[in-house]
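Below is one structure; the comments refer to it alone.
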Amino acid sequence: MSLQFESVSLRNFGPYQSIADLNLVTNPDAPIVVIHGENTLGKTSLFRALRWCLYGAPEAGKTPAESTRSLSDYMNRPAFAEGETEMEVRMKFSANGQQFQLTRTARFEGGAPKVSADLRIDAQVIQPVAIDSEIGRLLHPQISEFFLFDGELLRDFYDRLNSDRERDVLKRSIESVLGIPALQLAERDISVMAQDILSRQAKALKNQTEAEKARRKLRDLRSKQESIEKDRSEVEAALHKAKTDLEEVNERIAAVDELKADAREMESLEAAIKGGEADEAKLRHEMRRLLIDGWLAPASAKLTAALQRIEERNDQAQQRQKAIQTARDRVDVLQKQIQGGICPTCHQELPPPDDATRRTLARAEDELARLKGAGGDQADIQLERRVRALIDTRTLPAFHRAQEQLNGIVSAQFTRNRRLSTIKDRLKDNDAARIRKLAHDQQQLEDAIDGYNAQLLHHDDEQAKVQSDQNKLAGTIRRLGGGQPDLAAEAYFFEYTQQLVQRTIERYQERTRAEVEGTATGMFTKLIRDAEGYEGIRIGPDYRVDLVGKRGPSMKTSEGGRQLIALSLIGALKRAAVRGGPVVLDSPLARLDLEHRANVLQQWVPELGNQAILLVQSGELTEAQARDIMDNRIGQAYRIFRPNNDPEEAEIERTQ
Amino acid sequence: MATDRGDKQQIGLTLEGNNAIETVSNEYFGGSQKDAYLFAITYAIGADLAIENAPQGGYTTKYNGIGTLDPSGSVRELLEILNIGEPGRPMATMERLAELGVRDLARRVAGNETMADIMASVAAE
């Protein structure tokens, strides 16, 4: 089987609001996917999105429960500000001829985020409780550190290999990668079967004294074996319980961290509420002033209507006055024309009067009399001014705007107070003493787990001793003879099988260790400048890693050298691993100089198998360098960019 | 005290009007009943509240009409311009309008209408 990532889609994860089906498919001839992105654009976010989707924890070494607290850090903030509350990553991959689609979603609706996962294998929907084990079968989280690798941790990786506690964890992880635990279980099963045949042989012995002696020894051995098994079983149960308890305590500690975040949020909410109260009081005061100063505003519509009427009345009066004046002017002109003289308008000498002029004058005087007699109000401009002065057109819109602002403030205050109340409810059941006790419990459980692991190692030694005694007894029984030939044959068979398996395990451990050591040394010498100055990398049976120089082991090396050792070891483990799969590396070259970067790309990357996804920045590898160095081995190439110069927004485009 | 044809000097509100003005002034005028009283008069005008519906008696004195409430004469001018109430008795008119206004405002405030809504409805009358 070989796991291969086919695509990834992101919604509101980190700076990515929407990345749909980013194609990751590769083939054996072009197994490399390169994703270029400058610092801070979002390479690590993409890397962590893959890890979160697979294991529920974006960062290595953290459980999903521990990650819950910081999950909101990954929610895309512009989307959240626009009212979106979901973050989602979907991966499609293939393994064992089956198609997998894994979707992990987090909902942020106040309080701790709600995380859910959905896995479909071909058309079958997997029960949520079985999702982790399905993914674990393909790429176990314990070994994921080797294959989903954050380049920033390269130096830590080397340091971890050389500290006792971490080395134990790494040794078990590495042996898991190499498939050794399965062989160890088989060895234990064969041992039980061998003991059973010994028991039957002892019963069949002719010499009763020797038979009794053998049976007694066998009983002792069985008793010891049972005691070891019982102890082992108890220790394993206690270890399991301690791990479960630790996980629970860690979850509660994560919740405590959430509580700390709650306390911080409460402080900021209280400050915001106080500010909101001040804003509200200020606004209410302004609104009060508006009403007091604008007390006439409610009557403005009535005053406006009255003003219209007055204006119309004044217009009519003015028009009437104008008509009277016109008629009066006409009468004046005609009278002057009859009297003779100069036209008051054009200052020309008027023509002499005739009958027609006299008739026109009579009509004009009648018209003037009619207009004067028609009556009507005089224009009252003063009244118009007084009404206009009373009309308030400012208060109503100003008050309306203020009311809208007030509504906004009141609504925000309501939301803040409701959130504050929720947080206070959560905080009231927790106090400092309980939080301190959690830290104490955590320490005790971690110590207990260390103790149980040490006991299990001691059981391994005891088991080996029982095994040795059992072998001696088998030899004694064989020498005594008299047993039944078929039992003897069966005993030989199991003894042989057991030795075979033991030797196989030892040889496999040694071979794989030597293979990993040899491969790592080979890779290291290809990667390092002045390779002739080094003998190689030595990996002890406990996976202690030493750099061997011309003058012996434990050779000191630089930070860059330690990173190259770590890369060599990862490459060697990848080659030795019993299960294939993709390797995803975030900034693996960032701390290397130019020459070593080229070495890593030319010598190390091609060793990574059928799919290697590299997230790199131009400082470690430009797009041109990638093409020059890896050429047609690149299956997919992408570039991360910011479409709007907004650091909280990123997109990915294909470059090849 | 009103004379037969003369206007009132001291004006006020009924008991119900007093309760209403307490609500309205506390809600919107920082407790200032005089400001609420003036506002209620113009509100009653804007809302076309029928003056004949105001109680005929039962008012207790609150203010000196001219000296305290309308020293500038703006209210009287308003009544005169809009031709509201009994001619020559602006103070009595103010009292009745204020009574109608505070009662209606208190009713609408109790019905969860905001002052912006109330003012907008009056502007649209």
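Ligands are numbered from 1 in the order shown, residues from 1 within each chain, and chains are lettered A, B, ... in the order they appear in the structure tokens.
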Quiz item: Counting only C-alpha atoms, which residues from chain B have an atom at most 7 Å from any atom of chain A, and could you show them as a PyMOL selection string?
Solution: chain B and resi 28-30+35+38-39+42-43+45-46+82+116+119+122-123
Take the residues from that selection and put them in a file with all heavy atoms, as an mmCIF file, in the first residue's frame.
data_model
loop_
_atom_site.group_PDB
_atom_site.id
_atom_site.type_symbol
_atom_site.label_atom_id
_atom_site.label_comp_id
_atom_site.auth_asym_id
_atom_site.auth_seq_id
_atom_site.Cartn_x
_atom_site.Cartn_y
_atom_site.Cartn_z
ATOM 1 N N TYR B 28 -36.642 60.869 28.985
ATOM 2 C CA TYR B 28 -36.029 61.632 27.887
ATOM 3 C C TYR B 28 -35.515 63.023 28.233
ATOM 4 O O TYR B 28 -34.851 63.640 27.404
ATOM 5 C CB TYR B 28 -37.022 61.762 26.727
ATOM 6 C CG TYR B 28 -37.181 60.475 25.971
ATOM 7 C CD1 TYR B 28 -38.334 59.710 26.093
ATOM 8 C CD2 TYR B 28 -36.157 60.007 25.156
ATOM 9 C CE1 TYR B 28 -38.470 58.519 25.412
ATOM 10 C CE2 TYR B 28 -36.286 58.811 24.473
ATOM 11 C CZ TYR B 28 -37.430 58.064 24.607
ATOM 12 O OH TYR B 28 -37.554 56.894 23.933
ATOM 13 N N PHE B 29 -35.840 63.530 29.391
ATOM 14 C CA PHE B 29 -35.461 64.917 29.673
ATOM 15 C C PHE B 29 -34.638 65.050 30.950
ATOM 16 O O PHE B 29 -34.584 66.130 31.537
ATOM 17 C CB PHE B 29 -36.716 65.805 29.739
ATOM 18 C CG PHE B 29 -37.417 65.915 28.417
ATOM 19 C CD1 PHE B 29 -38.380 64.992 28.042
ATOM 20 C CD2 PHE B 29 -37.074 66.913 27.515
ATOM 21 C CE1 PHE B 29 -39.004 65.059 26.814
ATOM 22 C CE2 PHE B 29 -37.701 66.996 26.279
ATOM 23 C CZ PHE B 29 -38.664 66.067 25.920
ATOM 24 N N GLY B 30 -34.009 63.950 31.327
ATOM 25 C CA GLY B 30 -33.159 63.994 32.522
ATOM 26 C C GLY B 30 -33.935 64.468 33.742
ATOM 27 O O GLY B 30 -33.356 65.125 34.622
ATOM 28 N N ASP B 35 -39.141 71.059 30.719
ATOM 29 C CA ASP B 35 -38.780 70.794 29.321
ATOM 30 C C ASP B 35 -39.757 69.801 28.702
ATOM 31 O O ASP B 35 -40.154 69.935 27.545
ATOM 32 C CB ASP B 35 -37.350 70.273 29.232
ATOM 33 C CG ASP B 35 -36.333 71.351 29.575
ATOM 34 O OD1 ASP B 35 -36.512 72.492 29.128
ATOM 35 O OD2 ASP B 35 -35.368 71.051 30.311
ATOM 36 N N LEU B 38 -43.124 71.573 27.858
ATOM 37 C CA LEU B 38 -43.070 72.354 26.610
ATOM 38 C C LEU B 38 -43.121 71.431 25.392
ATOM 39 O O LEU B 38 -43.823 71.682 24.413
ATOM 40 C CB LEU B 38 -41.760 73.161 26.554
ATOM 41 C CG LEU B 38 -41.784 74.559 27.152
ATOM 42 C CD1 LEU B 38 -40.383 75.165 27.080
ATOM 43 C CD2 LEU B 38 -42.765 75.457 26.389
ATOM 44 N N PHE B 39 -42.312 70.349 25.493
ATOM 45 C CA PHE B 39 -42.247 69.395 24.383
ATOM 46 C C PHE B 39 -43.622 68.772 24.145
ATOM 47 O O PHE B 39 -44.048 68.591 22.999
ATOM 48 C CB PHE B 39 -41.212 68.309 24.710
ATOM 49 C CG PHE B 39 -40.928 67.387 23.569
ATOM 50 C CD1 PHE B 39 -39.960 67.703 22.621
ATOM 51 C CD2 PHE B 39 -41.627 66.191 23.408
ATOM 52 C CE1 PHE B 39 -39.699 66.849 21.563
ATOM 53 C CE2 PHE B 39 -41.363 65.334 22.354
ATOM 54 C CZ PHE B 39 -40.392 65.661 21.433
ATOM 55 N N THR B 42 -45.943 70.962 21.996
ATOM 56 C CA THR B 42 -45.719 70.938 20.542
ATOM 57 C C THR B 42 -46.005 69.558 19.967
ATOM 58 O O THR B 42 -46.440 69.419 18.829
ATOM 59 C CB THR B 42 -44.275 71.363 20.193
ATOM 60 O OG1 THR B 42 -43.369 70.513 20.882
ATOM 61 C CG2 THR B 42 -44.027 72.809 20.558
ATOM 62 N N TYR B 43 -45.752 68.532 20.804
ATOM 63 C CA TYR B 43 -46.080 67.170 20.346
ATOM 64 C C TYR B 43 -47.588 67.042 20.101
ATOM 65 O O TYR B 43 -48.022 66.503 19.085
ATOM 66 C CB TYR B 43 -45.610 66.129 21.363
ATOM 67 C CG TYR B 43 -46.206 64.766 21.104
ATOM 68 C CD1 TYR B 43 -45.753 63.985 20.027
ATOM 69 C CD2 TYR B 43 -47.267 64.281 21.860
ATOM 70 C CE1 TYR B 43 -46.336 62.766 19.747
ATOM 71 C CE2 TYR B 43 -47.847 63.062 21.585
ATOM 72 C CZ TYR B 43 -47.373 62.304 20.525
ATOM 73 O OH TYR B 43 -47.962 61.107 20.231
ATOM 74 N N ILE B 45 -49.655 69.321 19.345
ATOM 75 C CA ILE B 45 -49.987 70.059 18.113
ATOM 76 C C ILE B 45 -49.618 69.227 16.894
ATOM 77 O O ILE B 45 -50.415 69.034 15.969
ATOM 78 C CB ILE B 45 -49.260 71.421 18.092
ATOM 79 C CG1 ILE B 45 -49.781 72.305 19.229
ATOM 80 C CG2 ILE B 45 -49.424 72.104 16.734
ATOM 81 C CD1 ILE B 45 -48.951 73.568 19.456
ATOM 82 N N GLY B 46 -48.354 68.707 16.911
ATOM 83 C CA GLY B 46 -47.861 67.927 15.759
ATOM 84 C C GLY B 46 -48.690 66.675 15.543
ATOM 85 O O GLY B 46 -48.893 66.241 14.407
ATOM 86 N N LEU B 82 -50.910 79.026 14.307
ATOM 87 C CA LEU B 82 -51.628 77.823 13.881
ATOM 88 C C LEU B 82 -53.108 77.884 14.236
ATOM 89 O O LEU B 82 -53.845 76.927 13.956
ATOM 90 C CB LEU B 82 -50.976 76.573 14.501
ATOM 91 C CG LEU B 82 -49.518 76.321 14.076
ATOM 92 C CD1 LEU B 82 -48.948 75.111 14.802
ATOM 93 C CD2 LEU B 82 -49.391 76.131 12.571
ATOM 94 N N ALA B 116 -37.345 58.621 18.639
ATOM 95 C CA ALA B 116 -37.112 58.862 17.204
ATOM 96 C C ALA B 116 -38.343 58.420 16.407
ATOM 97 O O ALA B 116 -38.766 59.098 15.460
ATOM 98 C CB ALA B 116 -35.867 58.108 16.739
ATOM 99 N N MET B 119 -41.144 60.954 17.028
ATOM 100 C CA MET B 119 -40.936 62.213 16.300
ATOM 101 C C MET B 119 -41.135 62.017 14.805
ATOM 102 O O MET B 119 -41.684 62.883 14.119
ATOM 103 C CB MET B 119 -39.561 62.789 16.599
ATOM 104 C CG MET B 119 -39.489 63.334 18.022
ATOM 105 S SD MET B 119 -37.857 63.913 18.445
ATOM 106 C CE MET B 119 -37.767 65.416 17.533
ATOM 107 N N VAL B 122 -44.763 62.028 13.981
ATOM 108 C CA VAL B 122 -45.330 63.381 14.039
ATOM 109 C C VAL B 122 -44.929 64.179 12.800
ATOM 110 O O VAL B 122 -45.731 64.927 12.236
ATOM 111 C CB VAL B 122 -44.866 64.072 15.333
ATOM 112 C CG1 VAL B 122 -45.233 65.543 15.310
ATOM 113 C CG2 VAL B 122 -45.494 63.406 16.533
ATOM 114 N N ALA B 123 -43.702 63.965 12.368
ATOM 115 C CA ALA B 123 -43.221 64.697 11.178
ATOM 116 C C ALA B 123 -44.006 64.291 9.945
ATOM 117 O O ALA B 123 -44.155 65.062 9.007
ATOM 118 C CB ALA B 123 -41.737 64.425 10.975
#
Exercise. Could you find all residues in segment 295-427 of chain A that DSSP calls alpha helix (DSSP H) from the backbone, and write them as a ChimeraX atom specification?
Key: /A:300-339,355-373,381-390,395-427
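Remark: for Ala433 of chain A, the closest of the candidate residues A:Ala364, A:Val256, A:Asp593, A:Gly533 is A:Val256 (distances computed over only C-alpha atoms).
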Self-check item: Pairwise distance for atom CA of Phe100 of chain A and atom CA of Asp122 of chain A, rounded to one decimal in Å
Solution: 6.2 Å
Quiz item: Which neighbours of Pro647 of chain A fall inside 9 Å, counting only C-alpha atoms, when residues of the same chain fewer than 3 positions from it are skipped, and could you give them as a list in words?
Solution: Pro15, Thr40, Leu41, Arg642, Asn644 and Ala650 of chain A
For N, CA and C atoms, I'd like the residues from the last selection saved as a tab-separated table (two decimals), in the first residue's frame.
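For reference, result.tsv as written:
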chain	number	residue	atom	x	y	z
A	15	PRO	N	-4.63	32.44	6.65
A	15	PRO	CA	-4.95	33.54	5.73
A	15	PRO	C	-5.78	33.10	4.53
A	40	THR	N	5.88	34.74	6.12
A	40	THR	CA	4.61	35.30	6.66
A	40	THR	C	3.42	35.21	5.68
A	41	LEU	N	3.65	34.65	4.49
A	41	LEU	CA	2.52	34.58	3.55
A	41	LEU	C	1.54	33.47	3.92
A	642	ARG	N	-0.34	37.37	-1.90
A	642	ARG	CA	-1.36	38.20	-1.25
A	642	ARG	C	-2.08	39.02	-2.31
A	644	ASN	N	-4.38	41.35	-2.02
A	644	ASN	CA	-4.72	42.74	-1.69
A	644	ASN	C	-3.77	43.38	-0.68
A	650	ALA	N	-4.58	35.38	1.82
A	650	ALA	CA	-3.61	34.79	0.89
A	650	ALA	C	-4.34	33.85	-0.06
Quiz item: Which is closer to Leu615 of chain A than all the others in A:Gln337, A:Asn250, A:Thr415, A:Ser587, using only C-alpha atoms?
Solution: A:Ser587
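Closest approach to Ile565 of chain A from the set A:Leu102, A:Ala123, A:Leu527, A:Ala489 is made by A:Leu527, with distances taken over only C-alpha atoms.
The shortest atom-to-atom distance to Arg48 of chain A, with only C-alpha atoms taken into account, belongs to A:Leu148 out of A:Asp29, A:Leu148, A:Ile228, A:Leu139.
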Could you give me, as a CSV table (one decimal) with N, CA, C and O atoms, in the first residue's frame, the residues within 9 Å of segment 106-113 of chain B, counting only C-alpha atoms and dropping anything in the same chain fewer than 4 positions from it?
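Saved result, out17.csv, follows:
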chain,number,residue,atom,x,y,z
B,19,ASN,N,-48.5,62.0,36.5
B,19,ASN,CA,-47.8,60.6,36.5
B,19,ASN,C,-47.1,60.5,35.1
B,19,ASN,O,-46.0,59.9,35.0
B,20,ALA,N,-47.9,60.9,34.1
B,20,ALA,CA,-47.3,60.7,32.7
B,20,ALA,C,-46.0,61.5,32.5
B,20,ALA,O,-45.0,61.1,32.0
B,21,ILE,N,-46.1,62.8,33.0
B,21,ILE,CA,-44.9,63.6,32.8
B,21,ILE,C,-43.7,63.1,33.5
B,21,ILE,O,-42.5,63.3,33.1
B,22,GLU,N,-44.0,62.5,34.6
B,22,GLU,CA,-42.8,61.9,35.4
B,22,GLU,C,-42.1,60.8,34.6
B,22,GLU,O,-40.9,60.8,34.5
B,23,THR,N,-42.9,60.0,34.0
B,23,THR,CA,-42.3,58.9,33.1
B,23,THR,C,-41.6,59.6,31.9
B,23,THR,O,-40.4,59.2,31.7
B,24,VAL,N,-42.2,60.5,31.2
B,24,VAL,CA,-41.6,61.1,30.0
B,24,VAL,C,-40.4,61.9,30.4
B,24,VAL,O,-39.3,61.7,29.7
B,27,GLU,N,-37.5,59.6,31.3
B,27,GLU,CA,-37.0,58.8,30.2
B,27,GLU,C,-36.2,59.7,29.2
B,27,GLU,O,-35.1,59.2,28.7
B,101,GLY,N,-50.6,65.9,25.5
B,101,GLY,CA,-49.3,65.5,25.0
B,101,GLY,C,-48.6,64.5,25.9
B,101,GLY,O,-48.1,63.5,25.5
B,102,VAL,N,-48.6,64.9,27.2
B,102,VAL,CA,-47.8,64.0,28.1
B,102,VAL,C,-48.5,62.6,28.2
B,102,VAL,O,-47.8,61.6,28.3
B,117,ASP,N,-38.9,57.3,16.8
B,117,ASP,CA,-40.1,56.8,16.1
B,117,ASP,C,-41.3,57.8,16.3
B,117,ASP,O,-42.0,58.1,15.4
B,118,ILE,N,-41.4,58.2,17.6
B,118,ILE,CA,-42.5,59.1,17.9
B,118,ILE,C,-42.4,60.4,17.1
B,118,ILE,O,-43.3,60.9,16.4
Quiz prompt | Among the residues A:Asn12, A:Ser67, A:Asn27, A:Gln378, the one that comes closest to Val89 of chain A [using only C-alpha atoms] | solution =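 Once distances to Val89 of chain A are computed over only C-alpha atoms, the minimum belongs to A:Asn12.
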Practice problem: Please indicate the distance in Å from atom CA of Val410 of chain A to atom CA of Glu286 of chain A, rounded to one decimal place. | Solution: 15.6 Å
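Going from atom CA of Leu368 of chain A over to atom CA of Ala327 of chain A, you cover 5.4 Å.
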I want to know what sits within 7 Å of Tyr63 of chain B, based on only C-alpha atoms, with residues of the same chain fewer than 2 positions away left out; could you give that as a PDB file with all heavy atoms, in the first residue's frame?
ATOM      1  N   GLN B  10     -51.713  80.614  36.087  1.00  0.00           N
ATOM      2  CA  GLN B  10     -50.994  79.436  36.559  1.00  0.00           C
ATOM      3  C   GLN B  10     -51.553  78.210  35.823  1.00  0.00           C
ATOM      4  O   GLN B  10     -52.760  78.025  35.781  1.00  0.00           O
ATOM      5  CB  GLN B  10     -51.217  79.246  38.070  1.00  0.00           C
ATOM      6  CG  GLN B  10     -50.923  80.468  38.909  1.00  0.00           C
ATOM      7  CD  GLN B  10     -49.435  80.806  38.897  1.00  0.00           C
ATOM      8  OE1 GLN B  10     -48.600  79.903  38.866  1.00  0.00           O
ATOM      9  NE2 GLN B  10     -49.113  82.080  38.899  1.00  0.00           N
ATOM     10  N   ILE B  11     -50.659  77.423  35.295  1.00  0.00           N
ATOM     11  CA  ILE B  11     -51.154  76.229  34.579  1.00  0.00           C
ATOM     12  C   ILE B  11     -50.436  74.987  35.107  1.00  0.00           C
ATOM     13  O   ILE B  11     -49.363  75.079  35.705  1.00  0.00           O
ATOM     14  CB  ILE B  11     -50.992  76.343  33.057  1.00  0.00           C
ATOM     15  CG1 ILE B  11     -49.518  76.601  32.697  1.00  0.00           C
ATOM     16  CG2 ILE B  11     -51.898  77.444  32.511  1.00  0.00           C
ATOM     17  CD1 ILE B  11     -49.278  76.627  31.203  1.00  0.00           C
ATOM     18  N   GLY B  12     -51.017  73.817  34.829  1.00  0.00           N
ATOM     19  CA  GLY B  12     -50.415  72.583  35.364  1.00  0.00           C
ATOM     20  C   GLY B  12     -50.915  71.350  34.646  1.00  0.00           C
ATOM     21  O   GLY B  12     -51.100  71.368  33.424  1.00  0.00           O
ATOM     22  N   THR B  61     -51.733  73.281  39.827  1.00  0.00           N
ATOM     23  CA  THR B  61     -50.756  74.244  39.305  1.00  0.00           C
ATOM     24  C   THR B  61     -49.338  73.710  39.349  1.00  0.00           C
ATOM     25  O   THR B  61     -48.917  73.094  40.308  1.00  0.00           O
ATOM     26  CB  THR B  61     -50.836  75.529  40.136  1.00  0.00           C
ATOM     27  OG1 THR B  61     -52.132  76.067  39.956  1.00  0.00           O
ATOM     28  CG2 THR B  61     -49.782  76.525  39.694  1.00  0.00           C
ATOM     29  N   GLY B  65     -47.538  80.521  33.730  1.00  0.00           N
ATOM     30  CA  GLY B  65     -47.535  80.365  32.275  1.00  0.00           C
ATOM     31  C   GLY B  65     -46.557  81.270  31.569  1.00  0.00           C
ATOM     32  O   GLY B  65     -45.678  80.822  30.843  1.00  0.00           O
ATOM     33  N   THR B  68     -42.697  81.579  33.684  1.00  0.00           N
ATOM     34  CA  THR B  68     -41.799  80.417  33.722  1.00  0.00           C
ATOM     35  C   THR B  68     -41.742  79.672  32.402  1.00  0.00           C
ATOM     36  O   THR B  68     -40.681  79.332  31.898  1.00  0.00           O
ATOM     37  CB  THR B  68     -42.258  79.437  34.827  1.00  0.00           C
ATOM     38  OG1 THR B  68     -42.476  80.164  36.019  1.00  0.00           O
ATOM     39  CG2 THR B  68     -41.263  78.323  35.049  1.00  0.00           C
ATOM     40  N   LEU B  69     -42.945  79.419  31.850  1.00  0.00           N
ATOM     41  CA  LEU B  69     -42.974  78.532  30.682  1.00  0.00           C
ATOM     42  C   LEU B  69     -42.697  79.241  29.365  1.00  0.00           C
ATOM     43  O   LEU B  69     -41.980  78.727  28.526  1.00  0.00           O
ATOM     44  CB  LEU B  69     -44.348  77.869  30.590  1.00  0.00           C
ATOM     45  CG  LEU B  69     -44.530  76.540  31.301  1.00  0.00           C
ATOM     46  CD1 LEU B  69     -45.930  76.024  31.007  1.00  0.00           C
ATOM     47  CD2 LEU B  69     -43.491  75.531  30.857  1.00  0.00           C
TER      48      LEU B  69
END
Quiz item: Leaving out segment 358-362 of chain A and any residue of its chain fewer than 6 positions from it, which residues lie within 8 Å of it when counting only C-alpha atoms, given as a list of chain:residue names?
Solution: A:Val331, A:Leu334, A:Gln335, A:Ile338
Practice problem: List every residue of segment 35-123 of chain B that DSSP, applied to the backbone of this structure, assigns to strand (DSSP E), and report them as JSON, numbers by chain. | Solution: {"B": [60, 61, 62, 63, 64]}
I need the chosen residues saved as a PDB file, in the first residue's frame, with N, CA, C and O atoms.
ATOM      1  N   THR B  60     -53.765  70.705  38.590  1.00  0.00           N
ATOM      2  CA  THR B  60     -53.080  71.336  39.726  1.00  0.00           C
ATOM      3  C   THR B  60     -51.931  72.161  39.179  1.00  0.00           C
ATOM      4  O   THR B  60     -51.257  71.761  38.218  1.00  0.00           O
ATOM      5  N   THR B  61     -51.733  73.281  39.827  1.00  0.00           N
ATOM      6  CA  THR B  61     -50.756  74.244  39.305  1.00  0.00           C
ATOM      7  C   THR B  61     -49.338  73.710  39.349  1.00  0.00           C
ATOM      8  O   THR B  61     -48.917  73.094  40.308  1.00  0.00           O
ATOM      9  N   LYS B  62     -48.612  73.987  38.262  1.00  0.00           N
ATOM     10  CA  LYS B  62     -47.191  73.621  38.223  1.00  0.00           C
ATOM     11  C   LYS B  62     -46.322  74.834  37.888  1.00  0.00           C
ATOM     12  O   LYS B  62     -45.238  74.982  38.426  1.00  0.00           O
ATOM     13  N   TYR B  63     -46.807  75.631  36.944  1.00  0.00           N
ATOM     14  CA  TYR B  63     -45.975  76.730  36.447  1.00  0.00           C
ATOM     15  C   TYR B  63     -46.774  78.021  36.296  1.00  0.00           C
ATOM     16  O   TYR B  63     -47.975  77.985  36.025  1.00  0.00           O
ATOM     17  N   ASN B  64     -46.028  79.122  36.389  1.00  0.00           N
ATOM     18  CA  ASN B  64     -46.594  80.394  35.950  1.00  0.00           C
ATOM     19  C   ASN B  64     -46.423  80.416  34.434  1.00  0.00           C
ATOM     20  O   ASN B  64     -45.296  80.300  33.928  1.00  0.00           O
TER      21      ASN B  64
END
Quiz prompt | Contacts of Asn76 of chain A within 9 Å, only C-alpha atoms, excl. fewer than 2 positions in-chain, as a PyMOL selection string | solution = chain A and resi 11-17+72-74+78-81+87+648-649
Deliver the residues from the most recent selection as a file, using C-alpha atoms, as a short mmCIF file (atom, residue, chain, number, x, y, z; two decimals), in the first residue's frame.
data_model
loop_
_atom_site.label_atom_id
_atom_site.label_comp_id
_atom_site.auth_asym_id
_atom_site.auth_seq_id
_atom_site.Cartn_x
_atom_site.Cartn_y
_atom_site.Cartn_z
CA ARG A 11 -11.95 27.43 4.02
CA ASN A 12 -11.15 30.25 6.45
CA PHE A 13 -7.99 28.51 7.71
CA GLY A 14 -5.22 30.99 8.52
CA PRO A 15 -4.95 33.54 5.73
CA TYR A 16 -6.84 31.28 3.30
CA GLN A 17 -10.50 32.17 2.88
CA SER A 72 -9.29 30.22 17.17
CA ASP A 73 -5.86 31.68 16.25
CA TYR A 74 -6.21 29.86 12.92
CA PRO A 78 -11.55 38.97 7.89
CA ALA A 79 -14.05 36.12 7.35
CA PHE A 80 -14.89 36.08 11.06
CA ALA A 81 -15.40 39.84 10.98
CA MET A 87 -13.14 26.91 9.50
CA GLU A 648 -4.61 38.20 6.70
CA GLU A 649 -5.50 37.20 3.17
#
